[in-house]
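Participant: Supplied in structure tokens, the structure appears directly below.
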Amino acid sequence: MSNSLFNEFEPVSAKQWKQIIQFDLKGADYNDALVWTSSEGIKVKPFYHSDDLNTPLKLSETPISSFKICETLTVFNAKKANASALLAVKKGAESIRFIIPSKDIDFKKLLANINFKTITLYFELQFLSEDSIKSICAITSKVNTFINIDIIGHLAKTGNWYSNLNDDFSKFKTCTLYSNSLTINASLYQNAGANMVQQLAYAIAHVNEYFNAIETTHTSISSQINIVFNVAIGTNYFFEIAKLRALRVLFNTLKKEYSTDYKCIIFATPSTRNKALYAYNTNMLRTTTECMSAVLGSADTISNLPYDTVFNKPNDFACRIARNQLLILKHESYFDVVKNPSDGSYYIESLTQQLANKALDIFKDIETNGGFLKQLKSGTIQRKIKESATKEQEQFNAGNKVILGSNKHPNTSETMKSNLEIYPFVKTKKRKTLIEPIIEKRLTEHLEQKRLKTE
């Protein structure tokens, strides 16, 4: 019926639509009036048409309702963390991410009574230990288990290897082949101020270093290796949807060059870069749209940020709100009955292609100049991110980039000094580093520091 109905209408080309719009502008220039340019250099038009697409994208047929709702827990005490994990599962979490700062954790106590067949587990170890990884895998039998092994991410964030290049890569290969998983901490680049094209290019160049290392082990790799991309999502709604789709396109293109079976898994969390100390309840609005972008971009697992994460220690109320935001998106917003709703949107398809193409150009340049690791050591990656972050900071300072309640409509009578449970700003500690570390920083920090001084 629908086909016969549409057949009643003559198709209209993109050129015809543009002519009509140009006529309605009454002499104003089409590009000046209606086309704007993003920080990634992408020109955004007022309408999109099938004529804008070179080829339709073929993405996963997996329904978006398959994303897992994740609870993130920092483990200081195994028994307490286990109780928190079991409670989170009871309240609707389908996945748990354990952040583990110390080797002195009893993994049997931590994982007691967790159903590994139904609950997906992510382990973010803040150290490099073959024994710890083997202990985890022995308990879970690797079922729905992903272990954060990212020695380059550690170097980029801290400026140093865990030990040294050779030792770290030796342990990395052993751990990766044993656990069948590794992680790319792409959220570091977003939270430090990299634009979306840079985030994609650096994520792919980052993982390519690992692919090269794995392929040269001369070890027979019979099983699949899961590549978990930790990705931070900002508030540019449609661009962020396209960013995740572009990441899969780039990954699928890259993995064809290697013999090992690699699988892309996207672990998404809202960005910290745009979160505010003052008017902190507005952070809930930001995390909602960011989680929606992650869902519509087909993230595999999403861990929401509590709205007070900038200044508060983890607490039951804020964590419950964060978890419930995802429960509402999954079960009450009809996202569980629609298969990939962003497919077929000419705007999102066009953004995906442009982001992927621009990122591919940067990736090729990185590889031509020695690869990601060499570019990190020379400071090129850090310099590029700083340039992007400085540009974004200037836009915020000038009011062209708005964070509501901070540089737009602030409540000047609001005070926060007595509410700070944790230090909300970048901490600086002088130490010797091998390379310049990539520093995550919120856009509102300088403004908030000024306000706190005048309270």
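Scheme for the structure tokens: letters A, B, ... for chains in order shown; per-chain residue numbers from 1; ligand numbers from 1 in order shown.
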Using DSSP on the backbone, list every residue of region 212-449 of chain A that comes out as strand (DSSP E or B), and give them as a PDB file with all heavy atoms, in the first residue's frame.

Facilitator:
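File written: states-v1.pdb
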```pdb
ATOM      1  N   ILE A 225      39.468 -12.359  19.274  1.00  0.00           N
ATOM      2  CA  ILE A 225      39.929 -11.373  20.253  1.00  0.00           C
ATOM      3  C   ILE A 225      38.946 -10.208  20.250  1.00  0.00           C
ATOM      4  O   ILE A 225      38.660  -9.618  19.199  1.00  0.00           O
ATOM      5  CB  ILE A 225      41.351 -10.889  19.947  1.00  0.00           C
ATOM      6  CG1 ILE A 225      42.346 -12.041  20.131  1.00  0.00           C
ATOM      7  CG2 ILE A 225      41.734  -9.723  20.860  1.00  0.00           C
ATOM      8  CD1 ILE A 225      43.790 -11.661  19.948  1.00  0.00           C
ATOM      9  N   ASN A 226      38.424  -9.899  21.432  1.00  0.00           N
ATOM     10  CA  ASN A 226      37.451  -8.819  21.582  1.00  0.00           C
ATOM     11  C   ASN A 226      38.165  -7.502  21.843  1.00  0.00           C
ATOM     12  O   ASN A 226      38.951  -7.397  22.784  1.00  0.00           O
ATOM     13  CB  ASN A 226      36.498  -9.122  22.733  1.00  0.00           C
ATOM     14  CG  ASN A 226      35.710 -10.395  22.511  1.00  0.00           C
ATOM     15  OD1 ASN A 226      34.967 -10.517  21.545  1.00  0.00           O
ATOM     16  ND2 ASN A 226      35.885 -11.367  23.403  1.00  0.00           N
ATOM     17  N   ILE A 227      37.886  -6.525  21.009  1.00  0.00           N
ATOM     18  CA  ILE A 227      38.467  -5.186  21.165  1.00  0.00           C
ATOM     19  C   ILE A 227      37.394  -4.273  21.744  1.00  0.00           C
ATOM     20  O   ILE A 227      36.403  -3.955  21.093  1.00  0.00           O
ATOM     21  CB  ILE A 227      38.953  -4.618  19.817  1.00  0.00           C
ATOM     22  CG1 ILE A 227      39.774  -5.656  19.043  1.00  0.00           C
ATOM     23  CG2 ILE A 227      39.727  -3.335  20.039  1.00  0.00           C
ATOM     24  CD1 ILE A 227      41.040  -6.093  19.728  1.00  0.00           C
ATOM     25  N   VAL A 228      37.580  -3.873  22.997  1.00  0.00           N
ATOM     26  CA  VAL A 228      36.609  -3.017  23.675  1.00  0.00           C
ATOM     27  C   VAL A 228      37.061  -1.564  23.547  1.00  0.00           C
ATOM     28  O   VAL A 228      38.133  -1.195  24.032  1.00  0.00           O
ATOM     29  CB  VAL A 228      36.467  -3.393  25.162  1.00  0.00           C
ATOM     30  CG1 VAL A 228      35.442  -2.484  25.843  1.00  0.00           C
ATOM     31  CG2 VAL A 228      36.055  -4.854  25.308  1.00  0.00           C
ATOM     32  N   PHE A 229      36.254  -0.756  22.869  1.00  0.00           N
ATOM     33  CA  PHE A 229      36.530   0.673  22.773  1.00  0.00           C
ATOM     34  C   PHE A 229      35.761   1.394  23.869  1.00  0.00           C
ATOM     35  O   PHE A 229      34.522   1.404  23.864  1.00  0.00           O
ATOM     36  CB  PHE A 229      36.098   1.219  21.408  1.00  0.00           C
ATOM     37  CG  PHE A 229      36.992   0.831  20.267  1.00  0.00           C
ATOM     38  CD1 PHE A 229      36.746  -0.315  19.528  1.00  0.00           C
ATOM     39  CD2 PHE A 229      38.096   1.607  19.932  1.00  0.00           C
ATOM     40  CE1 PHE A 229      37.565  -0.685  18.469  1.00  0.00           C
ATOM     41  CE2 PHE A 229      38.924   1.254  18.877  1.00  0.00           C
ATOM     42  CZ  PHE A 229      38.657   0.101  18.145  1.00  0.00           C
ATOM     43  N   ASN A 230      36.484   1.977  24.833  1.00  0.00           N
ATOM     44  CA  ASN A 230      35.850   2.850  25.817  1.00  0.00           C
ATOM     45  C   ASN A 230      35.685   4.225  25.171  1.00  0.00           C
ATOM     46  O   ASN A 230      36.677   4.916  24.909  1.00  0.00           O
ATOM     47  CB  ASN A 230      36.699   2.968  27.079  1.00  0.00           C
ATOM     48  CG  ASN A 230      36.603   1.732  27.942  1.00  0.00           C
ATOM     49  OD1 ASN A 230      35.735   0.896  27.749  1.00  0.00           O
ATOM     50  ND2 ASN A 230      37.508   1.606  28.904  1.00  0.00           N
ATOM     51  N   VAL A 231      34.450   4.627  24.912  1.00  0.00           N
ATOM     52  CA  VAL A 231      34.180   5.856  24.174  1.00  0.00           C
ATOM     53  C   VAL A 231      33.347   6.804  25.023  1.00  0.00           C
ATOM     54  O   VAL A 231      32.344   6.395  25.621  1.00  0.00           O
ATOM     55  CB  VAL A 231      33.421   5.548  22.859  1.00  0.00           C
ATOM     56  CG1 VAL A 231      33.205   6.820  22.057  1.00  0.00           C
ATOM     57  CG2 VAL A 231      34.180   4.528  22.024  1.00  0.00           C
ATOM     58  N   ALA A 232      33.760   8.072  25.086  1.00  0.00           N
ATOM     59  CA  ALA A 232      32.992   9.099  25.788  1.00  0.00           C
ATOM     60  C   ALA A 232      32.076   9.808  24.798  1.00  0.00           C
ATOM     61  O   ALA A 232      32.473  10.093  23.674  1.00  0.00           O
ATOM     62  CB  ALA A 232      33.927  10.101  26.457  1.00  0.00           C
ATOM     63  N   ILE A 233      30.846  10.090  25.234  1.00  0.00           N
ATOM     64  CA  ILE A 233      29.826  10.676  24.367  1.00  0.00           C
ATOM     65  C   ILE A 233      29.503  12.091  24.832  1.00  0.00           C
ATOM     66  O   ILE A 233      29.175  12.311  25.996  1.00  0.00           O
ATOM     67  CB  ILE A 233      28.542   9.828  24.374  1.00  0.00           C
ATOM     68  CG1 ILE A 233      28.848   8.362  24.051  1.00  0.00           C
ATOM     69  CG2 ILE A 233      27.512  10.390  23.405  1.00  0.00           C
ATOM     70  CD1 ILE A 233      29.408   8.128  22.681  1.00  0.00           C
ATOM     71  N   TYR A 262      39.043 -10.318  14.857  1.00  0.00           N
ATOM     72  CA  TYR A 262      38.825  -9.271  15.864  1.00  0.00           C
ATOM     73  C   TYR A 262      37.344  -8.859  15.872  1.00  0.00           C
ATOM     74  O   TYR A 262      36.720  -8.744  14.820  1.00  0.00           O
ATOM     75  CB  TYR A 262      39.674  -8.040  15.569  1.00  0.00           C
ATOM     76  CG  TYR A 262      41.164  -8.273  15.634  1.00  0.00           C
ATOM     77  CD1 TYR A 262      41.939  -8.257  14.469  1.00  0.00           C
ATOM     78  CD2 TYR A 262      41.807  -8.501  16.841  1.00  0.00           C
ATOM     79  CE1 TYR A 262      43.304  -8.468  14.507  1.00  0.00           C
ATOM     80  CE2 TYR A 262      43.177  -8.713  16.897  1.00  0.00           C
ATOM     81  CZ  TYR A 262      43.920  -8.692  15.727  1.00  0.00           C
ATOM     82  OH  TYR A 262      45.266  -8.905  15.779  1.00  0.00           O
ATOM     83  N   LYS A 263      36.824  -8.626  17.058  1.00  0.00           N
ATOM     84  CA  LYS A 263      35.439  -8.181  17.200  1.00  0.00           C
ATOM     85  C   LYS A 263      35.406  -6.835  17.908  1.00  0.00           C
ATOM     86  O   LYS A 263      36.052  -6.649  18.943  1.00  0.00           O
ATOM     87  CB  LYS A 263      34.620  -9.200  17.994  1.00  0.00           C
ATOM     88  CG  LYS A 263      33.152  -8.808  18.160  1.00  0.00           C
ATOM     89  CD  LYS A 263      32.392  -9.826  19.003  1.00  0.00           C
ATOM     90  CE  LYS A 263      30.942  -9.392  19.194  1.00  0.00           C
ATOM     91  NZ  LYS A 263      30.203 -10.357  20.065  1.00  0.00           N
ATOM     92  N   CYS A 264      34.641  -5.891  17.367  1.00  0.00           N
ATOM     93  CA  CYS A 264      34.523  -4.543  17.944  1.00  0.00           C
ATOM     94  C   CYS A 264      33.387  -4.512  18.956  1.00  0.00           C
ATOM     95  O   CYS A 264      32.240  -4.852  18.643  1.00  0.00           O
ATOM     96  CB  CYS A 264      34.266  -3.533  16.831  1.00  0.00           C
ATOM     97  SG  CYS A 264      33.938  -1.850  17.418  1.00  0.00           S
ATOM     98  N   ILE A 265      33.708  -4.083  20.178  1.00  0.00           N
ATOM     99  CA  ILE A 265      32.706  -3.895  21.226  1.00  0.00           C
ATOM    100  C   ILE A 265      32.825  -2.461  21.724  1.00  0.00           C
ATOM    101  O   ILE A 265      33.910  -2.022  22.107  1.00  0.00           O
ATOM    102  CB  ILE A 265      32.928  -4.889  22.387  1.00  0.00           C
ATOM    103  CG1 ILE A 265      32.709  -6.318  21.892  1.00  0.00           C
ATOM    104  CG2 ILE A 265      31.994  -4.575  23.549  1.00  0.00           C
ATOM    105  CD1 ILE A 265      33.117  -7.371  22.875  1.00  0.00           C
ATOM    106  N   ILE A 266      31.714  -1.739  21.694  1.00  0.00           N
ATOM    107  CA  ILE A 266      31.731  -0.333  22.110  1.00  0.00           C
ATOM    108  C   ILE A 266      31.131  -0.193  23.506  1.00  0.00           C
ATOM    109  O   ILE A 266      29.971  -0.542  23.736  1.00  0.00           O
ATOM    110  CB  ILE A 266      30.972   0.556  21.110  1.00  0.00           C
ATOM    111  CG1 ILE A 266      31.682   0.542  19.748  1.00  0.00           C
ATOM    112  CG2 ILE A 266      30.865   1.984  21.644  1.00  0.00           C
ATOM    113  CD1 ILE A 266      30.996   1.380  18.686  1.00  0.00           C
ATOM    114  N   PHE A 267      31.952   0.292  24.428  1.00  0.00           N
ATOM    115  CA  PHE A 267      31.534   0.579  25.801  1.00  0.00           C
ATOM    116  C   PHE A 267      31.455   2.102  25.920  1.00  0.00           C
ATOM    117  O   PHE A 267      32.477   2.785  25.862  1.00  0.00           O
ATOM    118  CB  PHE A 267      32.544   0.011  26.799  1.00  0.00           C
ATOM    119  CG  PHE A 267      32.153   0.156  28.240  1.00  0.00           C
ATOM    120  CD1 PHE A 267      31.676  -0.937  28.950  1.00  0.00           C
ATOM    121  CD2 PHE A 267      32.258   1.369  28.894  1.00  0.00           C
ATOM    122  CE1 PHE A 267      31.316  -0.806  30.287  1.00  0.00           C
ATOM    123  CE2 PHE A 267      31.899   1.518  30.224  1.00  0.00           C
ATOM    124  CZ  PHE A 267      31.425   0.415  30.926  1.00  0.00           C
ATOM    125  N   ALA A 268      30.257   2.625  26.054  1.00  0.00           N
ATOM    126  CA  ALA A 268      30.054   4.079  26.016  1.00  0.00           C
ATOM    127  C   ALA A 268      29.702   4.619  27.394  1.00  0.00           C
ATOM    128  O   ALA A 268      29.007   3.963  28.185  1.00  0.00           O
ATOM    129  CB  ALA A 268      28.958   4.437  25.025  1.00  0.00           C
ATOM    130  N   THR A 269      30.180   5.827  27.643  1.00  0.00           N
ATOM    131  CA  THR A 269      29.824   6.537  28.869  1.00  0.00           C
ATOM    132  C   THR A 269      29.759   8.025  28.560  1.00  0.00           C
ATOM    133  O   THR A 269      30.468   8.506  27.658  1.00  0.00           O
ATOM    134  CB  THR A 269      30.850   6.251  29.987  1.00  0.00           C
ATOM    135  OG1 THR A 269      30.379   6.769  31.227  1.00  0.00           O
ATOM    136  CG2 THR A 269      32.194   6.866  29.670  1.00  0.00           C
ATOM    137  N   PRO A 270      28.905   8.786  29.226  1.00  0.00           N
ATOM    138  CA  PRO A 270      28.861  10.233  28.966  1.00  0.00           C
ATOM    139  C   PRO A 270      30.202  10.901  29.221  1.00  0.00           C
ATOM    140  O   PRO A 270      30.983  10.476  30.077  1.00  0.00           O
ATOM    141  CB  PRO A 270      27.795  10.728  29.951  1.00  0.00           C
ATOM    142  CG  PRO A 270      26.899   9.555  30.161  1.00  0.00           C
ATOM    143  CD  PRO A 270      27.827   8.363  30.145  1.00  0.00           C
ATOM    144  N   THR A 301      27.454  -1.621  25.321  1.00  0.00           N
ATOM    145  CA  THR A 301      27.250  -1.453  26.762  1.00  0.00           C
ATOM    146  C   THR A 301      27.336   0.025  27.085  1.00  0.00           C
ATOM    147  O   THR A 301      28.181   0.744  26.531  1.00  0.00           O
ATOM    148  CB  THR A 301      28.326  -2.217  27.561  1.00  0.00           C
ATOM    149  OG1 THR A 301      28.273  -3.609  27.214  1.00  0.00           O
ATOM    150  CG2 THR A 301      28.112  -2.073  29.052  1.00  0.00           C
ATOM    151  N   ILE A 302      26.456   0.490  27.979  1.00  0.00           N
ATOM    152  CA  ILE A 302      26.446   1.904  28.365  1.00  0.00           C
ATOM    153  C   ILE A 302      26.469   2.003  29.880  1.00  0.00           C
ATOM    154  O   ILE A 302      25.647   1.396  30.571  1.00  0.00           O
ATOM    155  CB  ILE A 302      25.204   2.644  27.815  1.00  0.00           C
ATOM    156  CG1 ILE A 302      25.121   2.488  26.297  1.00  0.00           C
ATOM    157  CG2 ILE A 302      25.249   4.122  28.198  1.00  0.00           C
ATOM    158  CD1 ILE A 302      23.837   3.031  25.689  1.00  0.00           C
ATOM    159  N   SER A 303      27.426   2.765  30.391  1.00  0.00           N
ATOM    160  CA  SER A 303      27.511   3.050  31.822  1.00  0.00           C
ATOM    161  C   SER A 303      27.297   4.541  32.011  1.00  0.00           C
ATOM    162  O   SER A 303      28.103   5.355  31.546  1.00  0.00           O
ATOM    163  CB  SER A 303      28.875   2.626  32.378  1.00  0.00           C
ATOM    164  OG  SER A 303      28.964   2.899  33.760  1.00  0.00           O
ATOM    165  N   LEU A 404      24.668  25.387  30.098  1.00  0.00           N
ATOM    166  CA  LEU A 404      23.613  26.057  30.854  1.00  0.00           C
ATOM    167  C   LEU A 404      23.893  26.002  32.357  1.00  0.00           C
ATOM    168  O   LEU A 404      24.255  24.947  32.898  1.00  0.00           O
ATOM    169  CB  LEU A 404      22.266  25.393  30.556  1.00  0.00           C
ATOM    170  CG  LEU A 404      21.019  26.172  30.977  1.00  0.00           C
ATOM    171  CD1 LEU A 404      20.893  27.461  30.193  1.00  0.00           C
ATOM    172  CD2 LEU A 404      19.770  25.304  30.778  1.00  0.00           C
ATOM    173  N   LYS A 408      25.898  30.478  30.862  1.00  0.00           N
ATOM    174  CA  LYS A 408      24.600  30.969  30.394  1.00  0.00           C
ATOM    175  C   LYS A 408      23.579  30.752  31.510  1.00  0.00           C
ATOM    176  O   LYS A 408      23.428  29.634  32.013  1.00  0.00           O
ATOM    177  CB  LYS A 408      24.173  30.209  29.135  1.00  0.00           C
ATOM    178  CG  LYS A 408      22.939  30.764  28.436  1.00  0.00           C
ATOM    179  CD  LYS A 408      23.288  31.995  27.624  1.00  0.00           C
ATOM    180  CE  LYS A 408      22.112  32.400  26.738  1.00  0.00           C
ATOM    181  NZ  LYS A 408      22.414  33.604  25.947  1.00  0.00           N
TER     182      LYS A 408
END
```

Participant: Identify, on the basis of only C-alpha atoms, every residue whose closest approach to Ala246 (chain A) does not exceed 8 Å; exclude the query and any residue fewer than 5 positions from it along the same chain; express the result as a VMD selection string.

Facilitator: chain A and resid 200 352 to 353 355 to 356

Participant: Store the residues of this selection in a file with N, CA, C and O atoms, as a PDB file, in the first residue's frame.

Facilitator:
```pdb
ATOM      1  N   LEU A 200      38.273   9.516  16.523  1.00  0.00           N
ATOM      2  CA  LEU A 200      38.164   8.323  15.683  1.00  0.00           C
ATOM      3  C   LEU A 200      39.528   7.912  15.131  1.00  0.00           C
ATOM      4  O   LEU A 200      39.899   6.735  15.175  1.00  0.00           O
ATOM      5  N   THR A 352      28.187  10.171   9.089  1.00  0.00           N
ATOM      6  CA  THR A 352      28.994   8.972   9.315  1.00  0.00           C
ATOM      7  C   THR A 352      30.081   8.847   8.257  1.00  0.00           C
ATOM      8  O   THR A 352      31.258   8.612   8.568  1.00  0.00           O
ATOM      9  N   GLN A 353      29.695   9.017   7.018  1.00  0.00           N
ATOM     10  CA  GLN A 353      30.663   8.902   5.927  1.00  0.00           C
ATOM     11  C   GLN A 353      31.737   9.974   6.012  1.00  0.00           C
ATOM     12  O   GLN A 353      32.929   9.698   5.834  1.00  0.00           O
ATOM     13  N   LEU A 355      32.726  11.752   8.728  1.00  0.00           N
ATOM     14  CA  LEU A 355      33.590  11.535   9.889  1.00  0.00           C
ATOM     15  C   LEU A 355      34.579  10.402   9.619  1.00  0.00           C
ATOM     16  O   LEU A 355      35.777  10.515   9.929  1.00  0.00           O
ATOM     17  N   ALA A 356      34.088   9.321   9.032  1.00  0.00           N
ATOM     18  CA  ALA A 356      34.957   8.173   8.740  1.00  0.00           C
ATOM     19  C   ALA A 356      36.036   8.541   7.735  1.00  0.00           C
ATOM     20  O   ALA A 356      37.216   8.186   7.910  1.00  0.00           O
TER      21      ALA A 356
END
```

Participant: Compile the contact shell of Asn236 (chain A) as a PyMOL selection string: residues with an atom at most 10 Å away, counting only C-alpha atoms, same-chain residues fewer than 5 positions apart removed.

Facilitator: chain A and resi 241+289-290+293

Participant: Go through A:Pro341, A:Ala279, A:Ala294, A:Ala213 one by one, measure the shortest atom-to-atom distance of each to Thr260 (chain A) using only C-alpha atoms, and give the residue with the smallest value.

Facilitator: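 Among A:Pro341, A:Ala279, A:Ala294, A:Ala213, it is A:Ala213 that comes nearest to Thr260 (chain A).
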
Participant: Check the smallest atom-to-atom distance from each of A:Leu373, A:Ala112, A:Ile119, A:Ile321 to Ile139 (chain A) using only C-alpha atoms, then report the winner.

Facilitator: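 With only C-alpha atoms as the atom set, the closest residue is A:Ala112.
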
Participant: Among region 75-156 of chain A, which residues carry a DSSP assignment of alpha helix (DSSP H), reported as number ranges by chain?

Facilitator: A: 78-90, 107-110, 130-140, 151-156

Participant: Would you mind telling me which residue in A:Lys450, A:Lys401, A:Lys243, A:Lys157 lies nearest to Ile348 (chain A) when using only C-alpha atoms?

Facilitator: A:Lys243
